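File shown: start-v3.txt (compact mmCIF, C-alpha atoms and all ligand atoms).
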```
# COMPACT_ATOMS: atom_id res chain seq x y z
CA MET A 171 11.66 -31.16 1.01
CA GLN A 172 12.43 -27.58 1.96
CA THR A 173 12.34 -26.66 5.63
CA ALA A 174 11.10 -23.61 7.48
CA ASP A 175 10.49 -22.79 11.14
CA THR A 176 7.03 -21.44 10.38
CA LEU A 177 4.69 -21.61 7.40
CA ILE A 178 1.84 -19.10 7.41
CA HIS A 179 -0.88 -19.93 4.89
CA ALA A 180 -3.28 -17.09 4.08
CA ARG A 181 -6.21 -16.51 1.78
CA TRP A 182 -4.34 -13.44 0.54
CA ILE A 183 -0.74 -12.29 0.88
CA ILE A 184 -0.01 -8.65 0.14
CA PRO A 185 3.79 -8.32 0.03
CA VAL A 186 3.68 -4.51 -0.68
CA GLU A 187 6.62 -5.01 -3.05
CA PRO A 188 5.75 -5.13 -5.92
CA ARG A 189 3.15 -2.42 -5.36
CA GLY A 190 -0.46 -3.59 -5.54
CA GLN A 191 0.33 -7.31 -5.77
CA VAL A 192 -2.23 -9.59 -4.09
CA LEU A 193 -1.44 -13.32 -4.01
CA GLU A 194 -4.31 -15.72 -3.35
CA HIS A 195 -3.90 -18.97 -1.40
CA HIS A 196 -0.20 -18.51 -0.73
CA ALA A 197 2.10 -19.24 2.19
CA LEU A 198 4.95 -17.31 3.80
CA ALA A 199 7.94 -19.43 4.82
CA VAL A 200 9.96 -18.11 7.78
CA ARG A 201 13.35 -19.35 8.93
CA ASN A 202 15.55 -17.82 11.65
CA GLY A 203 13.17 -14.87 11.89
CA ARG A 204 13.40 -13.96 8.22
CA VAL A 205 11.22 -14.44 5.17
CA VAL A 206 12.70 -17.22 3.03
CA ALA A 207 9.97 -17.70 0.42
CA ILE A 208 6.41 -16.90 -0.62
CA ILE A 209 4.94 -19.90 -2.41
CA SER A 210 1.50 -21.16 -3.36
CA SER A 211 -0.20 -23.05 -0.52
CA GLU A 212 -0.32 -26.12 -2.73
CA THR A 213 3.45 -26.04 -3.23
CA ALA A 214 3.96 -25.37 0.47
CA ASP A 215 1.91 -28.43 1.40
CA SER A 216 3.76 -30.72 -0.98
CA VAL A 217 7.32 -29.40 -0.82
CA TRP A 218 7.79 -27.53 2.49
CA GLN A 219 8.09 -28.84 6.04
CA ALA A 220 7.75 -26.76 9.19
CA GLU A 221 7.19 -27.42 12.88
CA ASP A 222 4.78 -24.52 13.12
CA ILE A 223 2.05 -24.29 10.48
CA VAL A 224 -0.58 -21.53 10.74
CA ARG A 225 -3.64 -21.43 8.51
CA LEU A 226 -5.51 -18.15 8.02
CA PRO A 227 -8.39 -19.03 5.65
CA ASN A 228 -10.18 -15.65 5.79
CA HIS A 229 -7.23 -13.35 6.27
CA ALA A 230 -4.85 -11.05 4.46
CA LEU A 231 -1.21 -11.37 5.51
CA LEU A 232 0.83 -8.22 5.04
CA PRO A 233 3.94 -6.51 6.39
CA GLY A 234 3.54 -5.07 9.89
CA LEU A 235 2.57 -1.42 10.02
CA VAL A 236 5.30 1.11 10.84
CA ASP A 237 4.21 3.96 13.11
CA ALA A 238 6.83 6.45 11.93
CA HIS A 239 6.28 8.97 14.71
CA THR A 240 4.97 8.64 18.23
CA HIS A 241 5.69 9.51 21.84
CA ALA A 242 4.69 6.13 23.27
CA ALA A 243 4.63 6.95 26.98
CA MET A 244 2.23 9.86 26.38
CA THR A 245 -0.59 7.31 26.47
CA LEU A 246 -0.69 8.18 30.20
CA LEU A 247 -1.62 11.78 29.24
CA ARG A 248 -4.33 10.69 26.77
CA GLY A 249 -7.36 12.97 27.11
CA LEU A 250 -5.76 15.16 29.79
CA ALA A 251 -6.07 18.32 27.66
CA ASP A 252 -8.06 18.44 24.43
CA ASP A 253 -9.51 21.01 22.04
CA LEU A 254 -6.63 23.49 22.31
CA PRO A 255 -4.11 25.01 19.86
CA LEU A 256 -0.62 23.45 19.85
CA LYS A 257 1.12 26.28 21.74
CA ALA A 258 -1.39 26.45 24.61
CA TRP A 259 -1.73 22.65 24.66
CA LEU A 260 2.05 22.19 24.99
CA GLU A 261 2.97 25.16 27.19
CA ASP A 262 -0.01 25.28 29.56
CA HIS A 263 -0.84 21.58 29.86
CA ILE A 264 1.52 18.95 28.44
CA TRP A 265 4.92 20.38 29.42
CA PRO A 266 3.79 21.18 33.01
CA ALA A 267 2.28 17.69 33.38
CA GLU A 268 5.50 16.14 32.06
CA ALA A 269 7.60 18.29 34.40
CA ARG A 270 5.58 16.99 37.33
CA TRP A 271 5.14 13.34 36.41
CA VAL A 272 7.70 12.02 33.93
CA SER A 273 10.05 9.46 35.51
CA PRO A 274 11.44 6.05 34.48
CA GLU A 275 8.31 4.42 35.99
CA PHE A 276 5.99 6.75 34.06
CA VAL A 277 7.82 5.95 30.81
CA ARG A 278 7.78 2.20 31.55
CA ASP A 279 4.06 2.09 32.28
CA GLY A 280 3.05 4.49 29.50
CA THR A 281 5.17 2.68 26.92
CA ASP A 282 3.80 -0.70 27.99
CA LEU A 283 0.26 0.62 27.51
CA ALA A 284 1.26 1.92 24.07
CA LEU A 285 2.76 -1.47 23.16
CA VAL A 286 -0.52 -3.24 23.92
CA GLU A 287 -2.35 -0.79 21.67
CA LEU A 288 0.28 -0.96 18.92
CA VAL A 289 0.45 -4.76 18.76
CA ARG A 290 -3.32 -5.11 18.85
CA GLY A 291 -3.51 -2.57 16.00
CA GLY A 292 -0.99 -4.36 13.78
CA VAL A 293 2.04 -2.15 14.37
CA THR A 294 5.34 -4.06 14.44
CA THR A 295 7.75 -1.10 14.40
CA PHE A 296 7.50 2.35 15.93
CA GLN A 297 9.66 5.46 15.90
CA ASP A 298 9.61 6.92 19.37
CA MET A 299 10.65 10.36 20.59
CA TYR A 300 10.56 10.63 24.36
CA PHE A 301 12.47 10.92 27.62
CA PHE A 302 14.22 7.92 29.19
CA PRO A 303 14.78 6.09 25.87
CA ASP A 304 16.74 3.51 27.90
CA VAL A 305 13.44 2.45 29.49
CA VAL A 306 11.64 2.40 26.11
CA ALA A 307 14.46 0.23 24.75
CA ARG A 308 14.06 -2.30 27.54
CA VAL A 309 10.26 -2.61 27.45
CA ALA A 310 10.00 -2.68 23.64
CA SER A 311 12.68 -5.32 23.32
CA ALA A 312 11.18 -7.42 26.14
CA ALA A 313 7.77 -7.33 24.42
CA GLY A 314 9.37 -8.24 21.07
CA LEU A 315 8.47 -5.09 19.13
CA ARG A 316 10.88 -3.35 16.82
CA ALA A 317 11.64 0.25 17.79
CA SER A 318 13.70 3.14 16.57
CA LEU A 319 14.52 5.20 19.62
CA GLY A 320 14.58 8.94 19.13
CA LEU A 321 17.32 10.32 21.37
CA VAL A 322 15.54 13.50 22.29
CA VAL A 323 17.29 16.88 22.60
CA MET A 324 15.58 20.01 23.93
CA GLY A 325 16.67 23.51 24.88
CA PHE A 326 15.29 23.31 28.40
CA PRO A 327 15.77 20.92 31.33
CA THR A 328 13.49 17.95 31.98
CA ALA A 329 13.59 14.93 34.25
CA TRP A 330 15.74 13.19 31.62
CA ALA A 331 18.49 15.81 31.12
CA GLY A 332 19.49 19.31 32.22
CA SER A 333 21.25 20.72 29.15
CA PRO A 334 21.59 20.01 25.41
CA ALA A 335 25.01 18.48 26.04
CA GLU A 336 23.57 16.16 28.67
CA TYR A 337 20.67 15.11 26.40
CA LEU A 338 23.15 14.22 23.69
CA GLN A 339 25.56 12.38 25.98
CA LYS A 340 22.82 10.37 27.69
CA GLY A 341 21.21 9.58 24.34
CA LEU A 342 24.47 8.28 22.89
CA ASP A 343 25.06 6.22 26.05
CA VAL A 344 21.64 4.57 25.50
CA ARG A 345 22.64 3.76 21.93
CA ASP A 346 25.95 2.28 23.06
CA ALA A 347 24.20 0.09 25.63
CA HIS A 348 21.58 -1.30 23.20
CA ARG A 349 23.16 -1.07 19.76
CA HIS A 350 23.57 -4.84 19.35
CA ASP A 351 19.88 -5.60 19.95
CA PRO A 352 18.50 -6.58 16.50
CA LEU A 353 15.09 -5.11 17.39
CA LEU A 354 16.43 -1.64 18.16
CA SER A 355 17.76 1.23 16.09
CA PHE A 356 18.34 4.88 16.93
CA ALA A 357 17.89 8.43 15.68
CA LEU A 358 19.01 11.75 17.10
CA ALA A 359 15.79 13.62 17.81
CA PRO A 360 16.08 17.37 18.29
CA HIS A 361 12.54 18.24 19.39
CA ALA A 362 11.69 21.13 17.02
CA PRO A 363 13.20 24.26 15.46
CA TYR A 364 11.59 26.42 18.17
CA SER A 365 12.93 24.36 21.10
CA VAL A 366 16.55 23.77 19.99
CA ASP A 367 19.16 26.49 19.23
CA ASP A 368 21.63 26.69 16.33
CA ALA A 369 24.67 25.59 18.33
CA THR A 370 22.89 22.43 19.47
CA LEU A 371 21.68 21.67 15.95
CA ARG A 372 25.25 21.96 14.65
CA GLU A 373 26.33 19.48 17.32
CA VAL A 374 23.46 17.14 16.33
CA ARG A 375 24.65 17.22 12.71
CA LYS A 376 28.23 16.43 13.74
CA LEU A 377 27.24 13.54 16.04
CA ALA A 378 24.78 12.06 13.52
CA ASP A 379 27.63 11.86 11.00
CA GLU A 380 30.03 10.40 13.56
CA VAL A 381 27.78 7.61 14.81
CA GLN A 382 25.83 7.18 11.54
CA VAL A 383 22.28 7.62 12.78
CA PRO A 384 19.40 9.49 11.15
CA ILE A 385 17.89 12.72 12.51
CA HIS A 386 14.18 12.83 13.39
CA MET A 387 12.54 16.20 14.14
CA HIS A 388 9.17 18.00 14.26
CA VAL A 389 9.33 20.61 11.44
CA HIS A 390 6.84 23.12 10.01
CA GLU A 391 4.03 21.92 12.26
CA THR A 392 2.04 25.18 12.51
CA ALA A 393 1.82 28.62 10.91
CA GLN A 394 2.81 30.09 14.31
CA GLU A 395 6.11 28.16 14.20
CA LEU A 396 6.90 29.76 10.84
CA ALA A 397 5.96 33.28 11.94
CA ASP A 398 8.06 32.96 15.10
CA SER A 399 11.04 31.68 13.10
CA VAL A 400 10.85 34.57 10.64
CA ALA A 401 10.68 37.01 13.57
CA GLN A 402 13.62 35.41 15.42
CA TYR A 403 15.90 34.16 12.62
CA GLY A 404 14.68 36.04 9.55
CA VAL A 405 13.90 32.81 7.69
CA ARG A 406 11.42 29.92 7.80
CA PRO A 407 12.53 26.83 9.77
CA LEU A 408 13.39 24.66 6.74
CA ALA A 409 15.71 27.35 5.36
CA ARG A 410 17.38 27.64 8.77
CA LEU A 411 17.84 23.86 9.03
CA ASP A 412 19.25 23.76 5.50
CA ALA A 413 21.75 26.52 6.32
CA LEU A 414 22.84 24.44 9.34
CA GLY A 415 23.43 21.45 7.04
CA LEU A 416 20.72 19.26 8.56
CA LEU A 417 18.67 18.52 5.46
CA ASP A 418 19.80 15.35 3.73
CA HIS A 419 18.65 11.78 3.02
CA ASP A 420 19.06 10.87 6.71
CA PHE A 421 16.79 13.69 7.89
CA THR A 422 13.15 12.91 8.68
CA ALA A 423 10.82 15.88 9.07
CA VAL A 424 7.61 15.23 11.01
CA HIS A 425 4.34 17.11 10.23
CA MET A 426 5.36 19.51 7.41
CA THR A 427 1.93 21.12 7.23
CA GLN A 428 3.19 24.46 5.90
CA LEU A 429 5.16 24.07 2.66
CA ASP A 430 5.50 26.20 -0.43
CA ALA A 431 6.59 24.86 -3.84
CA THR A 432 10.23 25.89 -3.28
CA GLU A 433 10.33 23.98 -0.01
CA ILE A 434 8.85 20.85 -1.59
CA ALA A 435 11.54 21.04 -4.29
CA LEU A 436 14.21 21.55 -1.61
CA CYS A 437 13.06 18.42 0.26
CA ALA A 438 13.14 16.41 -2.96
CA ALA A 439 16.62 17.68 -3.85
CA ARG A 440 18.03 16.94 -0.40
CA GLY A 441 16.34 13.53 -0.05
CA VAL A 442 14.48 14.59 3.12
CA LYS A 443 11.85 12.07 4.32
CA VAL A 444 8.50 13.30 5.63
CA VAL A 445 6.28 11.77 8.30
CA HIS A 446 2.64 12.72 7.93
CA CYS A 447 0.55 12.67 11.16
CA PRO A 448 -2.89 13.56 9.78
CA GLU A 449 -5.05 13.06 12.87
CA SER A 450 -2.76 15.00 15.21
CA ASN A 451 -2.61 17.82 12.63
CA LEU A 452 -6.40 17.80 12.27
CA LYS A 453 -7.05 17.75 16.02
CA LEU A 454 -4.68 20.65 16.71
CA ALA A 455 -5.82 22.41 13.50
CA SER A 456 -2.13 22.70 12.64
CA GLY A 457 -2.58 22.63 8.88
CA LEU A 458 -2.50 20.06 6.08
CA CYS A 459 0.54 18.24 4.75
CA PRO A 460 0.56 18.33 0.90
CA VAL A 461 1.08 14.57 0.62
CA ALA A 462 0.25 14.19 -3.08
CA ALA A 463 2.50 17.11 -4.07
CA LEU A 464 5.39 15.75 -1.98
CA ARG A 465 5.01 12.28 -3.49
CA ALA A 466 4.75 13.71 -6.99
CA ALA A 467 8.06 15.49 -6.34
CA GLY A 468 9.61 12.14 -5.35
CA VAL A 469 9.69 12.66 -1.59
CA THR A 470 9.22 9.57 0.64
CA VAL A 471 6.21 10.12 2.90
CA ALA A 472 5.53 7.87 5.90
CA ILE A 473 2.63 7.88 8.35
CA GLY A 474 2.71 8.38 12.12
CA THR A 475 0.10 8.62 14.83
CA ASP A 476 2.01 11.15 16.96
CA GLY A 477 1.50 10.76 20.71
CA ALA A 478 -1.80 9.69 22.27
CA ALA A 479 -2.16 13.10 23.93
CA SER A 480 -2.80 14.77 20.56
CA ASN A 481 -4.53 12.06 18.51
CA ASN A 482 -5.86 10.42 20.86
CA ASP A 483 -5.19 6.85 19.77
CA LEU A 484 -2.33 4.87 18.25
CA ASP A 485 -4.52 3.34 15.55
CA MET A 486 -2.35 3.10 12.44
CA LEU A 487 -5.08 1.52 10.28
CA GLY A 488 -7.29 4.50 11.14
CA GLU A 489 -4.39 6.84 10.42
CA VAL A 490 -3.87 5.27 6.97
CA ARG A 491 -7.54 5.79 6.18
CA THR A 492 -7.45 9.41 7.33
CA ALA A 493 -4.26 9.98 5.32
CA THR A 494 -5.70 8.72 2.05
CA LEU A 495 -9.03 10.53 2.49
CA LEU A 496 -7.30 13.78 3.42
CA ALA A 497 -4.77 13.53 0.56
CA LYS A 498 -7.63 13.30 -1.93
CA GLN A 499 -9.36 16.35 -0.41
CA VAL A 500 -6.17 18.44 -0.18
CA ALA A 501 -5.25 17.61 -3.79
CA GLY A 502 -8.87 18.05 -4.96
CA ASP A 503 -8.42 14.73 -6.78
CA PRO A 504 -9.99 11.41 -5.71
CA THR A 505 -7.48 9.43 -7.78
CA VAL A 506 -4.47 10.38 -5.63
CA LEU A 507 -3.14 7.98 -3.00
CA PRO A 508 -5.09 4.83 -3.91
CA ALA A 509 -5.25 2.00 -1.38
CA ALA A 510 -2.07 0.22 -2.49
CA GLU A 511 -0.04 3.42 -2.18
CA ALA A 512 -1.55 4.31 1.20
CA LEU A 513 -0.62 0.87 2.54
CA GLU A 514 2.85 1.24 1.05
CA MET A 515 3.30 4.55 2.92
CA ALA A 516 2.39 2.86 6.21
CA THR A 517 4.84 -0.03 5.70
CA LEU A 518 7.70 0.47 3.24
CA GLY A 519 7.46 4.27 3.49
CA GLY A 520 7.83 4.02 7.26
CA ALA A 521 10.76 1.65 6.87
CA ARG A 522 12.46 4.16 4.55
CA ALA A 523 11.82 7.05 6.96
CA LEU A 524 13.48 5.03 9.74
CA GLY A 525 16.42 3.96 7.56
CA LEU A 526 15.31 0.31 7.79
CA ALA A 527 14.02 -0.41 4.28
CA GLU A 528 16.65 -3.08 3.67
CA HIS A 529 15.35 -5.02 6.66
CA ILE A 530 11.58 -4.47 6.95
CA GLY A 531 8.61 -2.81 5.21
CA SER A 532 7.70 -5.55 2.73
CA LEU A 533 7.39 -9.33 2.67
CA THR A 534 10.52 -10.01 0.68
CA PRO A 535 12.92 -12.97 1.04
CA GLY A 536 15.83 -11.86 3.21
CA LYS A 537 13.89 -9.27 5.20
CA TRP A 538 12.73 -9.85 8.78
CA ALA A 539 9.41 -11.69 9.04
CA ASP A 540 7.50 -8.76 10.55
CA CYS A 541 3.93 -9.46 9.45
CA ILE A 542 0.31 -9.18 10.50
CA ALA A 543 -2.94 -10.92 9.62
CA ILE A 544 -6.22 -9.07 9.15
CA ASP A 545 -9.46 -11.07 9.25
CA LEU A 546 -11.61 -9.91 6.33
CA SER A 547 -14.56 -12.24 7.04
CA ARG A 548 -16.27 -9.72 9.35
CA PRO A 549 -19.36 -7.79 8.18
CA ALA A 550 -17.44 -4.52 7.75
CA THR A 551 -15.24 -6.08 5.07
CA GLN A 552 -17.75 -8.32 3.27
CA PRO A 553 -18.03 -8.99 0.45
CA THR A 554 -14.32 -8.70 -0.34
CA TYR A 555 -13.80 -7.78 -3.98
CA ASP A 556 -10.39 -6.25 -3.31
CA PRO A 557 -8.52 -7.00 -0.07
CA LEU A 558 -6.37 -3.85 -0.40
CA SER A 559 -9.50 -1.72 -0.58
CA ALA A 560 -11.07 -3.63 2.33
CA ILE A 561 -8.02 -3.05 4.54
CA VAL A 562 -7.50 0.64 3.75
CA TYR A 563 -11.11 1.83 3.47
CA ALA A 564 -13.11 -0.49 5.74
CA ALA A 565 -11.21 -2.71 8.20
CA GLY A 566 -11.04 -1.68 11.86
CA ARG A 567 -7.97 -2.45 13.92
CA ASP A 568 -9.95 -5.04 15.89
CA ALA A 569 -9.76 -7.18 12.73
CA VAL A 570 -6.00 -7.59 13.30
CA SER A 571 -5.81 -11.20 14.50
CA ASP A 572 -2.13 -12.13 14.48
CA VAL A 573 1.21 -10.34 14.67
CA TRP A 574 4.78 -11.61 14.22
CA VAL A 575 8.03 -9.67 14.61
CA ALA A 576 11.18 -11.38 13.31
CA GLY A 577 9.15 -14.58 13.16
CA ARG A 578 8.16 -14.39 16.85
CA ARG A 579 4.42 -14.40 17.39
CA LEU A 580 3.27 -11.51 19.61
CA LEU A 581 -0.48 -11.85 18.95
CA ALA A 582 -2.26 -15.15 18.24
CA GLU A 583 -5.96 -15.04 17.36
CA ARG A 584 -6.26 -11.73 19.29
CA ALA A 585 -4.42 -13.07 22.37
CA LEU A 586 -1.30 -11.17 23.46
CA LEU A 587 1.63 -13.53 24.04
CA THR A 588 4.35 -11.21 25.35
CA LEU A 589 2.48 -8.46 27.24
CA ASP A 590 0.46 -8.80 30.47
CA GLU A 591 -2.48 -6.64 29.45
CA GLN A 592 -4.34 -6.77 32.80
CA ALA A 593 -1.29 -5.75 34.82
CA ILE A 594 -0.51 -2.95 32.35
CA LEU A 595 -4.10 -1.64 32.53
CA SER A 596 -3.95 -1.68 36.35
CA ARG A 597 -0.76 0.39 36.34
CA ALA A 598 -2.32 2.86 33.87
CA ALA A 599 -5.36 3.22 36.16
CA ALA A 600 -3.04 3.90 39.11
CA TRP A 601 -1.40 6.75 37.13
CA ARG A 602 -4.84 8.15 36.32
CA ALA A 603 -5.61 8.26 40.06
CA ARG A 604 -2.29 10.01 40.83
CA ILE A 605 -2.37 12.55 37.98
CA LEU A 606 -6.00 13.64 38.36
CA PRO A 607 -7.31 12.46 41.75
ZN ZN B 701 5.24 14.49 17.87
```

Mind converting the file's structure to structure tokens?
Amino acid sequence: MQTADTLIHARWIIPVEPRGQVLEHHALAVRNGRVVAIISSETADSVWQAEDIVRLPNHALLPGLVDAHTHAAMTLLRGLADDLPLKAWLEDHIWPAEARWVSPEFVRDGTDLALVELVRGGVTTFQDMYFFPDVVARVASAAGLRASLGLVVMGFPTAWAGSPAEYLQKGLDVRDAHRHDPLLSFALAPHAPYSVDDATLREVRKLADEVQVPIHMHVHETAQELADSVAQYGVRPLARLDALGLLDHDFTAVHMTQLDATEIALCAARGVKVVHCPESNLKLASGLCPVAALRAAGVTVAIGTDGAASNNDLDMLGEVRTATLLAKQVAGDPTVLPAAEALEMATLGGARALGLAEHIGSLTPGKWADCIAIDLSRPATQPTYDPLSAIVYAAGRDAVSDVWVAGRRLLAERALLTLDEQAILSRAAAWRARILP
């Protein structure tokens, strides 16, 4: 007999690698938090032993979704200011609200609320970019989610830091304190080309090389950003970042709604990864990321929700659907980004954008057992001819029934096992009363 800690039997297993594969009546064997085998359920029953055996007769089991860009604690600002362009939304509403309210307690309570939404929606890993990443590290790790913490750097003072040098020092201190936690990884996160100066970006490049972390940054989000850059620096932001040496295979550019053919070729040549946040871009009317053209050029594209103040939810399944529908419209071609590729973007693509593809992103022996189950027996996904199609084009996030990260179960038949949802909702309601009495 072979032994595992957990055997998860499912009607379908979609490992994501190889692309498009759907295994029927198979089981995932997990030992010490990692995938050890995917075998037929029959073989599992006759040859494998495990203390914990889970049977999911109507479900697809797949890698956990990777939300490749969010600002988790901004859940507490959800719906505070809507229907505005990015500049007015940020400068007249979001930044003043953050200046008044952001604190370690705000980040704790907002991140906890985000974690409830993420786990319930099938997200096992998120890339954050926010203040007090030490607090995000603690709450994410306590809840058992995997997180890449963006160590934010901005050109103006906030409650977290007073100068670029202080942002960088405090960020690196957070990394030093948490670097041995297997659930956590880190990225330097200069906010955007318009909010960080050249000297700081040079320092970011130097430090990223020294401590071997990726760089994660909002880039080419709006036409206004490009016009302002040309006026101030004489070049578009990507050209400026390239001249500063930032663009390489460890650089992840978020949004990228304004790209010409030369810039797409530059990203491909440098190995830049792109995070597409379709609903945030649509809501702020920022522009459209040319996903199909980037992928055709060989660029890795991941999917992110962005923060809940500009989306306004952290629904990655919904984001995947929007991404595939929008890619078809932008390319004028319904054959681009079929379901298997859209799901790959939201799992393995996210893992690549976070520098974690060796560890997560597919159900592959040796990788962490980060996986989710989606119940396809509900009316919205019946009859099920093709589970990939059902997940990408029809399933709602309420069909996510179970979630494991590194083999630890965080959601069991829709019940949260590591987060106190009622207490978290009460704290969110208390913030609502303080922020807008
Ligand atoms: Zn963002």

| Please, which residues have at least one atom within 7 Å of an atom of ligand ZN 701 (chain B), using only C-alpha atoms and all ligand atoms, listed as a PyMOL selection string? | chain A and resi 239-241+388+476-477

Keeping only C-alpha atoms, write the selected residues as a short mmCIF file (atom, residue, chain, number, x, y, z; two decimals), keeping the file's coordinate frame.
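As a result, selection12.cif now contains:
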```cif
data_model
loop_
_atom_site.label_atom_id
_atom_site.label_comp_id
_atom_site.auth_asym_id
_atom_site.auth_seq_id
_atom_site.Cartn_x
_atom_site.Cartn_y
_atom_site.Cartn_z
CA HIS A 239 6.28 8.97 14.71
CA THR A 240 4.97 8.64 18.23
CA HIS A 241 5.69 9.51 21.84
CA HIS A 388 9.17 18.00 14.26
CA ASP A 476 2.01 11.15 16.96
CA GLY A 477 1.50 10.76 20.71
#
```

| message | Set the distance at 12 Å and use all atoms listed in the file: which residues neighbour stretch 366-371 of chain A once local chain neighbours fewer than 3 positions away are removed? I'd like the list as a PyMOL selection string. | response | chain A and resi 322-327+333-338+358-363+374-378+385-389+399+402-403+407+410-417

Output the selection as a compact mmCIF listing (two decimals), in the frame of the given file - C-alpha atoms for each residue.
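Saved to result31.txt:
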```txt
# COMPACT_ATOMS: atom_id res chain seq x y z
CA VAL A 322 15.54 13.50 22.29
CA VAL A 323 17.29 16.88 22.60
CA MET A 324 15.58 20.01 23.93
CA GLY A 325 16.67 23.51 24.88
CA PHE A 326 15.29 23.31 28.40
CA PRO A 327 15.77 20.92 31.33
CA SER A 333 21.25 20.72 29.15
CA PRO A 334 21.59 20.01 25.41
CA ALA A 335 25.01 18.48 26.04
CA GLU A 336 23.57 16.16 28.67
CA TYR A 337 20.67 15.11 26.40
CA LEU A 338 23.15 14.22 23.69
CA LEU A 358 19.01 11.75 17.10
CA ALA A 359 15.79 13.62 17.81
CA PRO A 360 16.08 17.37 18.29
CA HIS A 361 12.54 18.24 19.39
CA ALA A 362 11.69 21.13 17.02
CA PRO A 363 13.20 24.26 15.46
CA VAL A 374 23.46 17.14 16.33
CA ARG A 375 24.65 17.22 12.71
CA LYS A 376 28.23 16.43 13.74
CA LEU A 377 27.24 13.54 16.04
CA ALA A 378 24.78 12.06 13.52
CA ILE A 385 17.89 12.72 12.51
CA HIS A 386 14.18 12.83 13.39
CA MET A 387 12.54 16.20 14.14
CA HIS A 388 9.17 18.00 14.26
CA VAL A 389 9.33 20.61 11.44
CA SER A 399 11.04 31.68 13.10
CA GLN A 402 13.62 35.41 15.42
CA TYR A 403 15.90 34.16 12.62
CA PRO A 407 12.53 26.83 9.77
CA ARG A 410 17.38 27.64 8.77
CA LEU A 411 17.84 23.86 9.03
CA ASP A 412 19.25 23.76 5.50
CA ALA A 413 21.75 26.52 6.32
CA LEU A 414 22.84 24.44 9.34
CA GLY A 415 23.43 21.45 7.04
CA LEU A 416 20.72 19.26 8.56
CA LEU A 417 18.67 18.52 5.46
```

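Closest to A:Cys459 among A:His390, A:Arg567, A:His179, A:His419 is A:His390, based on only C-alpha atoms.
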
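You can rank A:Ala550, A:Ala438, A:Ala199, A:Ala523 by their closest distance to A:Ala357 using all atoms listed in the file, and at the top of that list sits A:Ala523.
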
| message | I need the residue nearest A:Glu221 from this list: A:Glu187, A:Asp175, A:Glu275, A:Asp346. Use only C-alpha atoms for the distance. | response | A:Asp175

| task | One decimal, Å: what's the distance from atom CA of A:Ile264 over to atom CA of A:Val445, could you say? | result | 21.9 Å

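Compared by their closest atoms to A:Ala180, and using only C-alpha atoms, the residues A:Ile530, A:Val381, A:Leu487, A:Leu546 rank with A:Leu546 nearest.
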
| query | Can you list, as an NGL selection string, every protein, DNA or RNA residue that comes within 7 Å of A:Val471 when you count all atoms listed in the file, leaving out same-chain residues fewer than 3 positions away? | reply | :A and (443-446 or 465 or 515 or 519)

| said: So, with all atoms listed in the file as the atoms that count, which of A:Thr281, A:Thr173, A:Ser547, A:Ser318 lies closest to A:Ala214? | reply: A:Thr173

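Of note, atom CA of A:Arg308 and atom CA of A:Pro535 are spaced 28.6 Å apart.
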
| said: So that I can see what lies close to A:Val500, please list as number ranges by chain the residues with an atom at most 9 Å from it, counting only C-alpha atoms and leaving out residues fewer than 2 positions away in the same chain. | reply: A: 458-462, 495-498, 502-503

Restricting the output to C-alpha atoms, write the selected residues as a PDB file, keeping the file's coordinate frame.
```
ATOM      1  CA  LEU A 458      -2.500  20.060   6.080  1.00  0.00           C
ATOM      2  CA  CYS A 459       0.540  18.240   4.750  1.00  0.00           C
ATOM      3  CA  PRO A 460       0.560  18.330   0.900  1.00  0.00           C
ATOM      4  CA  VAL A 461       1.080  14.570   0.620  1.00  0.00           C
ATOM      5  CA  ALA A 462       0.250  14.190  -3.080  1.00  0.00           C
ATOM      6  CA  LEU A 495      -9.030  10.530   2.490  1.00  0.00           C
ATOM      7  CA  LEU A 496      -7.300  13.780   3.420  1.00  0.00           C
ATOM      8  CA  ALA A 497      -4.770  13.530   0.560  1.00  0.00           C
ATOM      9  CA  LYS A 498      -7.630  13.300  -1.930  1.00  0.00           C
ATOM     10  CA  GLY A 502      -8.870  18.050  -4.960  1.00  0.00           C
ATOM     11  CA  ASP A 503      -8.420  14.730  -6.780  1.00  0.00           C
TER      12      ASP A 503
END
```

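Closest approach to A:Leu484 among A:Ala472, A:Ala435, A:Val236, A:Ala539 is made by A:Val236 (distances from all atoms listed in the file).
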
| remark: The distance between atom CA of A:Val192 and atom CA of A:Pro557 is 7.9 Å

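Non-sequential neighbours of A:Asp540 (distance at most 10 Å, separation of 5 or more positions within a chain, only C-alpha atoms) are Gly203, Arg204, Val205, Leu232, Pro233, Gly234, Leu235, Val293, Thr294, Thr295, Leu315, Arg316, His529, Ile530, Gly531, Ser532, Leu533, Val573, Trp574, Val575, Ala576, Gly577, Arg578 and Arg579 of chain A.
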
| said: Counting all atoms listed in the file, which residues have an atom no more than 10 Å from (-6.0, 16.2, 22.9) in the file's coordinates? Please list them as a PyMOL selection string. | reply: chain A and resi 247-256+259+264+450+453-454+477-483

| task | Find the residues around A:Ala509 up to 12 Å (all atoms listed in the file counted), leave out those fewer than 5 positions away in its own chain, and share them as number ranges by chain. | result | A: 184, 186, 189-191, 487, 490-495, 497-498, 504, 514-516, 556-564
